[in-house]
Amino acid sequence: HGDAVERCVGGEEEDERGDPGHQVEQHRATAEHRLAQLGRDGLLHIAGRYRDDLARLRTANIEISGGEPLLHPDLDELIRHIRGTGALAGLITNGYLLNEKRIERLNVAGLDHLQISIDNVLPDDVSKKNLKVLDQKLRWLAEYGEFDVTVNSVVGSGIRHPEDALTITRRARELGCSTTVGLVHDGTGRLRELDARQQGILQEVVASGQSGFV
């Protein structure tokens, strides 16, 4: 799990400047360098190495994210390692590599929950993570998946059609998925104030059912 490795590996460094922002970047750079050296076998080694530690700490939930975790050839084994600690195993993916057989392999590995973030109904210059492409993936998840599925829609900076969040949320619920809504950050990592149109859409999404914020 890239994030877990980053925390474990990067946490060994100390930032003499005491600057949290600089410390995060320093840790990220250190982790990325070491991950590049680890490769495929190294990640499995780390998963095994920290298995007992995670069990001792009673870690409740471990999320696998990326990059795109479905590209990792040993993802199923990583999920099994996580479940072996007693923790729940979650996956955050763009969903593009999902098909019936891949979903069945995730079932067998013991995945507990999966999240897909869909930015728009149709692709645009900002994002290709769209409902047109991913709707079939959601139908396969609804039919074959034995784990919980959450679909995250987004509102905010850079989203050309904020109404798409409502369309995505409604479609996800039709298929029995849980939903969340995220507020998109700008290029500096900051939240910008929503305009009246965006605020209205956000309120509709939240008021329409079980959507939470991420």
# chains A, B, ... in the order shown; residues from 1 in each chain; ligands from 1
$ residues_around --residues "segment 147-163 of chain A" --least-positions-apart "4" --cutoff "8 Å" --atoms "only C-alpha atoms" --output "PDB file with all heavy atoms, in the first residue's frame"
ATOM      1  N   ASN A 107     -13.157 -10.324  -4.949  1.00  0.00           N
ATOM      2  CA  ASN A 107     -14.005 -11.061  -3.998  1.00  0.00           C
ATOM      3  C   ASN A 107     -13.200 -12.142  -3.274  1.00  0.00           C
ATOM      4  O   ASN A 107     -13.249 -12.269  -2.047  1.00  0.00           O
ATOM      5  CB  ASN A 107     -15.166 -11.740  -4.738  1.00  0.00           C
ATOM      6  CG  ASN A 107     -16.188 -10.763  -5.285  1.00  0.00           C
ATOM      7  OD1 ASN A 107     -16.311  -9.633  -4.811  1.00  0.00           O
ATOM      8  ND2 ASN A 107     -16.926 -11.194  -6.299  1.00  0.00           N
ATOM      9  N   LEU A 111     -11.596  -8.389  -0.410  1.00  0.00           N
ATOM     10  CA  LEU A 111     -11.799  -6.935  -0.345  1.00  0.00           C
ATOM     11  C   LEU A 111     -13.112  -6.614   0.369  1.00  0.00           C
ATOM     12  O   LEU A 111     -14.127  -7.269   0.152  1.00  0.00           O
ATOM     13  CB  LEU A 111     -11.839  -6.362  -1.766  1.00  0.00           C
ATOM     14  CG  LEU A 111     -11.863  -4.835  -1.861  1.00  0.00           C
ATOM     15  CD1 LEU A 111     -10.533  -4.239  -1.420  1.00  0.00           C
ATOM     16  CD2 LEU A 111     -12.190  -4.386  -3.286  1.00  0.00           C
ATOM     17  N   ASP A 112     -13.055  -5.589   1.226  1.00  0.00           N
ATOM     18  CA  ASP A 112     -14.245  -5.188   1.978  1.00  0.00           C
ATOM     19  C   ASP A 112     -15.006  -4.049   1.327  1.00  0.00           C
ATOM     20  O   ASP A 112     -16.239  -4.012   1.357  1.00  0.00           O
ATOM     21  CB  ASP A 112     -13.847  -4.743   3.392  1.00  0.00           C
ATOM     22  CG  ASP A 112     -13.378  -5.895   4.236  1.00  0.00           C
ATOM     23  OD1 ASP A 112     -14.224  -6.714   4.640  1.00  0.00           O
ATOM     24  OD2 ASP A 112     -12.165  -5.989   4.487  1.00  0.00           O
ATOM     25  N   HIS A 113     -14.291  -3.063   0.782  1.00  0.00           N
ATOM     26  CA  HIS A 113     -14.976  -1.923   0.174  1.00  0.00           C
ATOM     27  C   HIS A 113     -14.102  -1.291  -0.901  1.00  0.00           C
ATOM     28  O   HIS A 113     -12.880  -1.364  -0.851  1.00  0.00           O
ATOM     29  CB  HIS A 113     -15.374  -0.880   1.219  1.00  0.00           C
ATOM     30  CG  HIS A 113     -14.252  -0.431   2.095  1.00  0.00           C
ATOM     31  ND1 HIS A 113     -13.872  -1.095   3.234  1.00  0.00           N
ATOM     32  CD2 HIS A 113     -13.414   0.637   2.002  1.00  0.00           C
ATOM     33  CE1 HIS A 113     -12.862  -0.475   3.809  1.00  0.00           C
ATOM     34  NE2 HIS A 113     -12.562   0.575   3.072  1.00  0.00           N
ATOM     35  N   LEU A 114     -14.779  -0.678  -1.863  1.00  0.00           N
ATOM     36  CA  LEU A 114     -14.110  -0.065  -3.006  1.00  0.00           C
ATOM     37  C   LEU A 114     -14.735   1.305  -3.258  1.00  0.00           C
ATOM     38  O   LEU A 114     -15.946   1.476  -3.148  1.00  0.00           O
ATOM     39  CB  LEU A 114     -14.261  -0.965  -4.235  1.00  0.00           C
ATOM     40  CG  LEU A 114     -13.692  -0.490  -5.566  1.00  0.00           C
ATOM     41  CD1 LEU A 114     -13.199  -1.694  -6.372  1.00  0.00           C
ATOM     42  CD2 LEU A 114     -14.740   0.261  -6.381  1.00  0.00           C
ATOM     43  N   GLN A 115     -13.881   2.268  -3.598  1.00  0.00           N
ATOM     44  CA  GLN A 115     -14.365   3.611  -3.916  1.00  0.00           C
ATOM     45  C   GLN A 115     -13.899   4.031  -5.306  1.00  0.00           C
ATOM     46  O   GLN A 115     -12.740   3.841  -5.670  1.00  0.00           O
ATOM     47  CB  GLN A 115     -13.868   4.639  -2.906  1.00  0.00           C
ATOM     48  CG  GLN A 115     -14.294   6.071  -3.249  1.00  0.00           C
ATOM     49  CD  GLN A 115     -13.778   7.090  -2.256  1.00  0.00           C
ATOM     50  OE1 GLN A 115     -13.972   6.945  -1.049  1.00  0.00           O
ATOM     51  NE2 GLN A 115     -13.094   8.114  -2.750  1.00  0.00           N
ATOM     52  N   ILE A 116     -14.826   4.598  -6.074  1.00  0.00           N
ATOM     53  CA  ILE A 116     -14.523   5.180  -7.368  1.00  0.00           C
ATOM     54  C   ILE A 116     -14.971   6.637  -7.348  1.00  0.00           C
ATOM     55  O   ILE A 116     -16.089   6.939  -6.916  1.00  0.00           O
ATOM     56  CB  ILE A 116     -15.255   4.448  -8.510  1.00  0.00           C
ATOM     57  CG1 ILE A 116     -14.780   3.002  -8.627  1.00  0.00           C
ATOM     58  CG2 ILE A 116     -15.038   5.157  -9.835  1.00  0.00           C
ATOM     59  CD1 ILE A 116     -15.504   2.211  -9.712  1.00  0.00           C
ATOM     60  N   SER A 117     -14.127   7.521  -7.803  1.00  0.00           N
ATOM     61  CA  SER A 117     -14.501   8.919  -7.935  1.00  0.00           C
ATOM     62  C   SER A 117     -14.780   9.210  -9.407  1.00  0.00           C
ATOM     63  O   SER A 117     -13.948   8.957 -10.271  1.00  0.00           O
ATOM     64  CB  SER A 117     -13.379   9.830  -7.417  1.00  0.00           C
ATOM     65  OG  SER A 117     -13.762  11.187  -7.482  1.00  0.00           O
ATOM     66  N   ILE A 118     -15.982   9.733  -9.672  1.00  0.00           N
ATOM     67  CA  ILE A 118     -16.396  10.063 -11.041  1.00  0.00           C
ATOM     68  C   ILE A 118     -16.593  11.567 -11.119  1.00  0.00           C
ATOM     69  O   ILE A 118     -17.398  12.133 -10.386  1.00  0.00           O
ATOM     70  CB  ILE A 118     -17.674   9.317 -11.443  1.00  0.00           C
ATOM     71  CG1 ILE A 118     -17.475   7.803 -11.287  1.00  0.00           C
ATOM     72  CG2 ILE A 118     -18.069   9.657 -12.865  1.00  0.00           C
ATOM     73  CD1 ILE A 118     -18.691   6.974 -11.632  1.00  0.00           C
ATOM     74  N   ASP A 119     -15.870  12.211 -12.012  1.00  0.00           N
ATOM     75  CA  ASP A 119     -15.840  13.673 -12.043  1.00  0.00           C
ATOM     76  C   ASP A 119     -16.927  14.296 -12.900  1.00  0.00           C
ATOM     77  O   ASP A 119     -17.356  15.428 -12.641  1.00  0.00           O
ATOM     78  CB  ASP A 119     -14.478  14.154 -12.561  1.00  0.00           C
ATOM     79  CG  ASP A 119     -13.340  13.768 -11.631  1.00  0.00           C
ATOM     80  OD1 ASP A 119     -13.618  13.489 -10.446  1.00  0.00           O
ATOM     81  OD2 ASP A 119     -12.178  13.739 -12.091  1.00  0.00           O
ATOM     82  N   ASN A 120     -17.360  13.598 -13.942  1.00  0.00           N
ATOM     83  CA  ASN A 120     -18.318  14.203 -14.855  1.00  0.00           C
ATOM     84  C   ASN A 120     -19.098  13.121 -15.596  1.00  0.00           C
ATOM     85  O   ASN A 120     -18.775  11.929 -15.505  1.00  0.00           O
ATOM     86  CB  ASN A 120     -17.610  15.136 -15.849  1.00  0.00           C
ATOM     87  CG  ASN A 120     -16.320  14.540 -16.394  1.00  0.00           C
ATOM     88  OD1 ASN A 120     -16.219  13.332 -16.593  1.00  0.00           O
ATOM     89  ND2 ASN A 120     -15.329  15.371 -16.629  1.00  0.00           N
ATOM     90  N   VAL A 126     -10.608  18.555 -18.614  1.00  0.00           N
ATOM     91  CA  VAL A 126     -10.146  18.522 -17.224  1.00  0.00           C
ATOM     92  C   VAL A 126     -10.019  17.094 -16.718  1.00  0.00           C
ATOM     93  O   VAL A 126      -9.049  16.734 -16.062  1.00  0.00           O
ATOM     94  CB  VAL A 126     -11.090  19.335 -16.320  1.00  0.00           C
ATOM     95  CG1 VAL A 126     -10.668  19.221 -14.857  1.00  0.00           C
ATOM     96  CG2 VAL A 126     -11.122  20.793 -16.753  1.00  0.00           C
ATOM     97  N   LEU A 141     -19.938  -4.127 -10.989  1.00  0.00           N
ATOM     98  CA  LEU A 141     -19.752  -4.135  -9.534  1.00  0.00           C
ATOM     99  C   LEU A 141     -21.051  -4.491  -8.823  1.00  0.00           C
ATOM    100  O   LEU A 141     -21.053  -5.260  -7.854  1.00  0.00           O
ATOM    101  CB  LEU A 141     -19.245  -2.775  -9.056  1.00  0.00           C
ATOM    102  CG  LEU A 141     -17.787  -2.460  -9.373  1.00  0.00           C
ATOM    103  CD1 LEU A 141     -17.497  -0.979  -9.142  1.00  0.00           C
ATOM    104  CD2 LEU A 141     -16.838  -3.321  -8.525  1.00  0.00           C
ATOM    105  N   THR A 167     -26.404  13.793 -11.286  1.00  0.00           N
ATOM    106  CA  THR A 167     -26.622  12.668 -12.197  1.00  0.00           C
ATOM    107  C   THR A 167     -25.835  11.445 -11.738  1.00  0.00           C
ATOM    108  O   THR A 167     -26.352  10.315 -11.717  1.00  0.00           O
ATOM    109  CB  THR A 167     -26.201  13.049 -13.625  1.00  0.00           C
ATOM    110  OG1 THR A 167     -26.928  14.202 -14.040  1.00  0.00           O
ATOM    111  CG2 THR A 167     -26.453  11.905 -14.593  1.00  0.00           C
ATOM    112  N   ILE A 168     -24.581  11.662 -11.371  1.00  0.00           N
ATOM    113  CA  ILE A 168     -23.720  10.557 -10.927  1.00  0.00           C
ATOM    114  C   ILE A 168     -24.243   9.956  -9.625  1.00  0.00           C
ATOM    115  O   ILE A 168     -24.299   8.728  -9.462  1.00  0.00           O
ATOM    116  CB  ILE A 168     -22.275  11.064 -10.762  1.00  0.00           C
ATOM    117  CG1 ILE A 168     -21.699  11.438 -12.137  1.00  0.00           C
ATOM    118  CG2 ILE A 168     -21.401  10.018 -10.064  1.00  0.00           C
ATOM    119  CD1 ILE A 168     -20.448  12.295 -12.072  1.00  0.00           C
ATOM    120  N   THR A 169     -24.635  10.806  -8.693  1.00  0.00           N
ATOM    121  CA  THR A 169     -25.153  10.333  -7.406  1.00  0.00           C
ATOM    122  C   THR A 169     -26.413   9.499  -7.600  1.00  0.00           C
ATOM    123  O   THR A 169     -26.557   8.415  -7.014  1.00  0.00           O
ATOM    124  CB  THR A 169     -25.447  11.529  -6.484  1.00  0.00           C
ATOM    125  OG1 THR A 169     -24.222  12.208  -6.199  1.00  0.00           O
ATOM    126  CG2 THR A 169     -26.083  11.075  -5.182  1.00  0.00           C
ATOM    127  N   ALA A 172     -25.580   6.095  -9.191  1.00  0.00           N
ATOM    128  CA  ALA A 172     -24.921   5.198  -8.235  1.00  0.00           C
ATOM    129  C   ALA A 172     -25.930   4.574  -7.286  1.00  0.00           C
ATOM    130  O   ALA A 172     -25.872   3.371  -6.992  1.00  0.00           O
ATOM    131  CB  ALA A 172     -23.863   5.972  -7.458  1.00  0.00           C
ATOM    132  N   CYS A 177     -25.187   1.512  -4.812  1.00  0.00           N
ATOM    133  CA  CYS A 177     -23.909   1.980  -4.260  1.00  0.00           C
ATOM    134  C   CYS A 177     -24.142   3.055  -3.210  1.00  0.00           C
ATOM    135  O   CYS A 177     -25.121   3.815  -3.279  1.00  0.00           O
ATOM    136  CB  CYS A 177     -23.022   2.560  -5.358  1.00  0.00           C
ATOM    137  SG  CYS A 177     -22.655   1.418  -6.705  1.00  0.00           S
ATOM    138  N   SER A 178     -23.239   3.149  -2.261  1.00  0.00           N
ATOM    139  CA  SER A 178     -23.198   4.302  -1.368  1.00  0.00           C
ATOM    140  C   SER A 178     -22.602   5.479  -2.127  1.00  0.00           C
ATOM    141  O   SER A 178     -21.920   5.293  -3.144  1.00  0.00           O
ATOM    142  CB  SER A 178     -22.344   4.000  -0.137  1.00  0.00           C
ATOM    143  OG  SER A 178     -22.847   2.891   0.580  1.00  0.00           O
ATOM    144  N   THR A 179     -22.853   6.690  -1.652  1.00  0.00           N
ATOM    145  CA  THR A 179     -22.335   7.863  -2.348  1.00  0.00           C
ATOM    146  C   THR A 179     -21.711   8.850  -1.379  1.00  0.00           C
ATOM    147  O   THR A 179     -22.123   8.963  -0.229  1.00  0.00           O
ATOM    148  CB  THR A 179     -23.439   8.581  -3.150  1.00  0.00           C
ATOM    149  OG1 THR A 179     -24.490   8.979  -2.270  1.00  0.00           O
ATOM    150  CG2 THR A 179     -23.990   7.690  -4.242  1.00  0.00           C
ATOM    151  N   THR A 180     -20.715   9.564  -1.875  1.00  0.00           N
ATOM    152  CA  THR A 180     -20.124  10.695  -1.167  1.00  0.00           C
ATOM    153  C   THR A 180     -19.940  11.815  -2.182  1.00  0.00           C
ATOM    154  O   THR A 180     -20.003  11.590  -3.391  1.00  0.00           O
ATOM    155  CB  THR A 180     -18.748  10.348  -0.552  1.00  0.00           C
ATOM    156  OG1 THR A 180     -17.880   9.865  -1.586  1.00  0.00           O
ATOM    157  CG2 THR A 180     -18.873   9.300   0.541  1.00  0.00           C
ATOM    158  N   VAL A 181     -19.714  13.019  -1.693  1.00  0.00           N
ATOM    159  CA  VAL A 181     -19.446  14.144  -2.578  1.00  0.00           C
ATOM    160  C   VAL A 181     -18.197  14.854  -2.075  1.00  0.00           C
ATOM    161  O   VAL A 181     -18.034  15.075  -0.870  1.00  0.00           O
ATOM    162  CB  VAL A 181     -20.646  15.111  -2.655  1.00  0.00           C
ATOM    163  CG1 VAL A 181     -21.034  15.661  -1.289  1.00  0.00           C
ATOM    164  CG2 VAL A 181     -20.365  16.248  -3.634  1.00  0.00           C
ATOM    165  N   GLY A 182     -17.297  15.170  -2.987  1.00  0.00           N
ATOM    166  CA  GLY A 182     -16.052  15.834  -2.632  1.00  0.00           C
ATOM    167  C   GLY A 182     -16.008  17.243  -3.187  1.00  0.00           C
ATOM    168  O   GLY A 182     -16.611  17.546  -4.221  1.00  0.00           O
ATOM    169  N   LEU A 183     -15.298  18.116  -2.495  1.00  0.00           N
ATOM    170  CA  LEU A 183     -15.077  19.480  -2.963  1.00  0.00           C
ATOM    171  C   LEU A 183     -13.694  19.543  -3.572  1.00  0.00           C
ATOM    172  O   LEU A 183     -12.694  19.245  -2.911  1.00  0.00           O
ATOM    173  CB  LEU A 183     -15.196  20.464  -1.795  1.00  0.00           C
ATOM    174  CG  LEU A 183     -16.548  20.460  -1.066  1.00  0.00           C
ATOM    175  CD1 LEU A 183     -16.537  21.467   0.074  1.00  0.00           C
ATOM    176  CD2 LEU A 183     -17.684  20.750  -2.030  1.00  0.00           C
ATOM    177  N   VAL A 184     -13.618  19.919  -4.840  1.00  0.00           N
ATOM    178  CA  VAL A 184     -12.357  19.911  -5.575  1.00  0.00           C
ATOM    179  C   VAL A 184     -11.498  21.096  -5.146  1.00  0.00           C
ATOM    180  O   VAL A 184     -11.980  22.232  -5.033  1.00  0.00           O
ATOM    181  CB  VAL A 184     -12.608  19.972  -7.088  1.00  0.00           C
ATOM    182  CG1 VAL A 184     -11.287  19.970  -7.848  1.00  0.00           C
ATOM    183  CG2 VAL A 184     -13.453  18.788  -7.522  1.00  0.00           C
ATOM    184  N   HIS A 185     -10.215  20.843  -4.914  1.00  0.00           N
ATOM    185  CA  HIS A 185      -9.256  21.887  -4.586  1.00  0.00           C
ATOM    186  C   HIS A 185      -8.673  22.488  -5.865  1.00  0.00           C
ATOM    187  O   HIS A 185      -8.640  21.846  -6.912  1.00  0.00           O
ATOM    188  CB  HIS A 185      -8.117  21.325  -3.730  1.00  0.00           C
ATOM    189  CG  HIS A 185      -8.580  20.806  -2.405  1.00  0.00           C
ATOM    190  ND1 HIS A 185      -9.337  19.666  -2.277  1.00  0.00           N
ATOM    191  CD2 HIS A 185      -8.390  21.280  -1.151  1.00  0.00           C
ATOM    192  CE1 HIS A 185      -9.589  19.453  -0.996  1.00  0.00           C
ATOM    193  NE2 HIS A 185      -9.027  20.408  -0.297  1.00  0.00           N
ATOM    194  N   ASP A 186      -8.204  23.710  -5.758  1.00  0.00           N
ATOM    195  CA  ASP A 186      -7.575  24.344  -6.918  1.00  0.00           C
ATOM    196  C   ASP A 186      -6.122  23.896  -7.032  1.00  0.00           C
ATOM    197  O   ASP A 186      -5.659  23.027  -6.294  1.00  0.00           O
ATOM    198  CB  ASP A 186      -7.694  25.869  -6.862  1.00  0.00           C
ATOM    199  CG  ASP A 186      -6.941  26.482  -5.676  1.00  0.00           C
ATOM    200  OD1 ASP A 186      -6.063  25.800  -5.092  1.00  0.00           O
ATOM    201  OD2 ASP A 186      -7.208  27.654  -5.341  1.00  0.00           O
ATOM    202  N   LEU A 191      -9.255  25.140  -1.046  1.00  0.00           N
ATOM    203  CA  LEU A 191     -10.650  25.171  -1.439  1.00  0.00           C
ATOM    204  C   LEU A 191     -11.029  26.600  -1.807  1.00  0.00           C
ATOM    205  O   LEU A 191     -10.711  27.547  -1.078  1.00  0.00           O
ATOM    206  CB  LEU A 191     -11.539  24.694  -0.294  1.00  0.00           C
ATOM    207  CG  LEU A 191     -11.564  23.196  -0.004  1.00  0.00           C
ATOM    208  CD1 LEU A 191     -12.360  22.922   1.254  1.00  0.00           C
ATOM    209  CD2 LEU A 191     -12.163  22.433  -1.181  1.00  0.00           C
ATOM    210  N   ARG A 192     -11.708  26.741  -2.919  1.00  0.00           N
ATOM    211  CA  ARG A 192     -12.225  28.047  -3.294  1.00  0.00           C
ATOM    212  C   ARG A 192     -13.719  28.102  -2.990  1.00  0.00           C
ATOM    213  O   ARG A 192     -14.423  27.093  -3.074  1.00  0.00           O
ATOM    214  CB  ARG A 192     -11.984  28.319  -4.779  1.00  0.00           C
ATOM    215  CG  ARG A 192     -10.512  28.547  -5.114  1.00  0.00           C
ATOM    216  CD  ARG A 192     -10.350  29.010  -6.539  1.00  0.00           C
ATOM    217  NE  ARG A 192      -8.966  29.323  -6.851  1.00  0.00           N
ATOM    218  CZ  ARG A 192      -8.549  29.730  -8.045  1.00  0.00           C
ATOM    219  NH1 ARG A 192      -9.418  29.877  -9.031  1.00  0.00           N
ATOM    220  NH2 ARG A 192      -7.280  29.991  -8.251  1.00  0.00           N
ATOM    221  N   LEU A 194     -17.515  28.265  -3.217  1.00  0.00           N
ATOM    222  CA  LEU A 194     -18.431  27.827  -4.258  1.00  0.00           C
ATOM    223  C   LEU A 194     -19.342  28.979  -4.666  1.00  0.00           C
ATOM    224  O   LEU A 194     -19.776  29.766  -3.819  1.00  0.00           O
ATOM    225  CB  LEU A 194     -19.286  26.667  -3.767  1.00  0.00           C
ATOM    226  CG  LEU A 194     -18.549  25.395  -3.318  1.00  0.00           C
ATOM    227  CD1 LEU A 194     -19.561  24.356  -2.862  1.00  0.00           C
ATOM    228  CD2 LEU A 194     -17.675  24.835  -4.431  1.00  0.00           C
ATOM    229  N   ARG A 197     -24.505  28.635  -7.907  1.00  0.00           N
ATOM    230  CA  ARG A 197     -24.905  27.439  -8.650  1.00  0.00           C
ATOM    231  C   ARG A 197     -24.299  26.187  -8.037  1.00  0.00           C
ATOM    232  O   ARG A 197     -24.986  25.172  -7.840  1.00  0.00           O
ATOM    233  CB  ARG A 197     -24.467  27.594 -10.099  1.00  0.00           C
ATOM    234  CG  ARG A 197     -24.802  26.431 -11.024  1.00  0.00           C
ATOM    235  CD  ARG A 197     -24.175  26.699 -12.392  1.00  0.00           C
ATOM    236  NE  ARG A 197     -24.357  25.620 -13.336  1.00  0.00           N
ATOM    237  CZ  ARG A 197     -23.584  25.444 -14.398  1.00  0.00           C
ATOM    238  NH1 ARG A 197     -22.594  26.297 -14.651  1.00  0.00           N
ATOM    239  NH2 ARG A 197     -23.796  24.439 -15.231  1.00  0.00           N
ATOM    240  N   GLN A 198     -23.010  26.243  -7.735  1.00  0.00           N
ATOM    241  CA  GLN A 198     -22.335  25.089  -7.140  1.00  0.00           C
ATOM    242  C   GLN A 198     -22.891  24.777  -5.755  1.00  0.00           C
ATOM    243  O   GLN A 198     -23.079  23.605  -5.407  1.00  0.00           O
ATOM    244  CB  GLN A 198     -20.835  25.367  -7.060  1.00  0.00           C
ATOM    245  CG  GLN A 198     -20.152  25.452  -8.413  1.00  0.00           C
ATOM    246  CD  GLN A 198     -18.737  25.997  -8.317  1.00  0.00           C
ATOM    247  OE1 GLN A 198     -18.412  26.761  -7.401  1.00  0.00           O
ATOM    248  NE2 GLN A 198     -17.892  25.621  -9.266  1.00  0.00           N
ATOM    249  N   ILE A 201     -26.210  22.921  -6.108  1.00  0.00           N
ATOM    250  CA  ILE A 201     -26.021  21.523  -6.490  1.00  0.00           C
ATOM    251  C   ILE A 201     -25.539  20.702  -5.293  1.00  0.00           C
ATOM    252  O   ILE A 201     -26.032  19.587  -5.039  1.00  0.00           O
ATOM    253  CB  ILE A 201     -25.014  21.402  -7.654  1.00  0.00           C
ATOM    254  CG1 ILE A 201     -25.577  22.049  -8.919  1.00  0.00           C
ATOM    255  CG2 ILE A 201     -24.643  19.952  -7.904  1.00  0.00           C
ATOM    256  CD1 ILE A 201     -26.837  21.390  -9.446  1.00  0.00           C
ATOM    257  N   LEU A 202     -24.583  21.234  -4.562  1.00  0.00           N
ATOM    258  CA  LEU A 202     -24.061  20.529  -3.394  1.00  0.00           C
ATOM    259  C   LEU A 202     -25.178  20.248  -2.388  1.00  0.00           C
ATOM    260  O   LEU A 202     -25.284  19.140  -1.847  1.00  0.00           O
ATOM    261  CB  LEU A 202     -22.948  21.352  -2.749  1.00  0.00           C
ATOM    262  CG  LEU A 202     -22.284  20.751  -1.514  1.00  0.00           C
ATOM    263  CD1 LEU A 202     -21.619  19.426  -1.849  1.00  0.00           C
ATOM    264  CD2 LEU A 202     -21.260  21.719  -0.928  1.00  0.00           C
TER     265      LEU A 202
END
$ atom_distance --atom1 "atom CA of Ala196 of chain A" --atom2 "atom CA of Lys128 of chain A"
25.6 Å
$ closest_residue --among "A:Leu75, A:Leu122, A:Leu166, A:Leu70" --to "Leu98 of chain A" --atoms "only C-alpha atoms"
A:Leu70
$ residues_around --residues "Glu143 of chain A" --least-positions-apart "6" --cutoff "12 Å" --atoms "only C-alpha atoms" --output "list in words"
Asn99, Glu100, Lys101, Ile103, Glu104, Gln136, Lys137, Val149, Leu175, Gly176 and Cys177 of chain A
$ atom_distance --atom1 "atom CA of Tyr96 of chain A" --atom2 "atom CA of Leu78 of chain A"
19.8 Å
$ residues_around --residues "Asp52 of chain A" --least-positions-apart "3" --cutoff "7 Å" --atoms "only C-alpha atoms" --output "PDB file with N, CA and C atoms, in the first residue's frame"
ATOM      1  N   ALA A  55      -1.346  -5.826  13.257  1.00  0.00           N
ATOM      2  CA  ALA A  55      -2.239  -6.619  14.100  1.00  0.00           C
ATOM      3  C   ALA A  55      -2.103  -6.201  15.562  1.00  0.00           C
ATOM      4  N   ARG A  56      -0.866  -5.969  16.016  1.00  0.00           N
ATOM      5  CA  ARG A  56      -0.640  -5.567  17.406  1.00  0.00           C
ATOM      6  C   ARG A  56      -1.269  -4.209  17.714  1.00  0.00           C
ATOM      7  N   THR A  85      -4.242  -9.417   8.965  1.00  0.00           N
ATOM      8  CA  THR A  85      -3.993  -8.666  10.207  1.00  0.00           C
ATOM      9  C   THR A  85      -5.263  -8.462  11.016  1.00  0.00           C
TER      10      THR A  85
END
$ atom_distance --atom1 "atom CA of Ser127 of chain A" --atom2 "atom CA of Arg171 of chain A"
18.9 Å
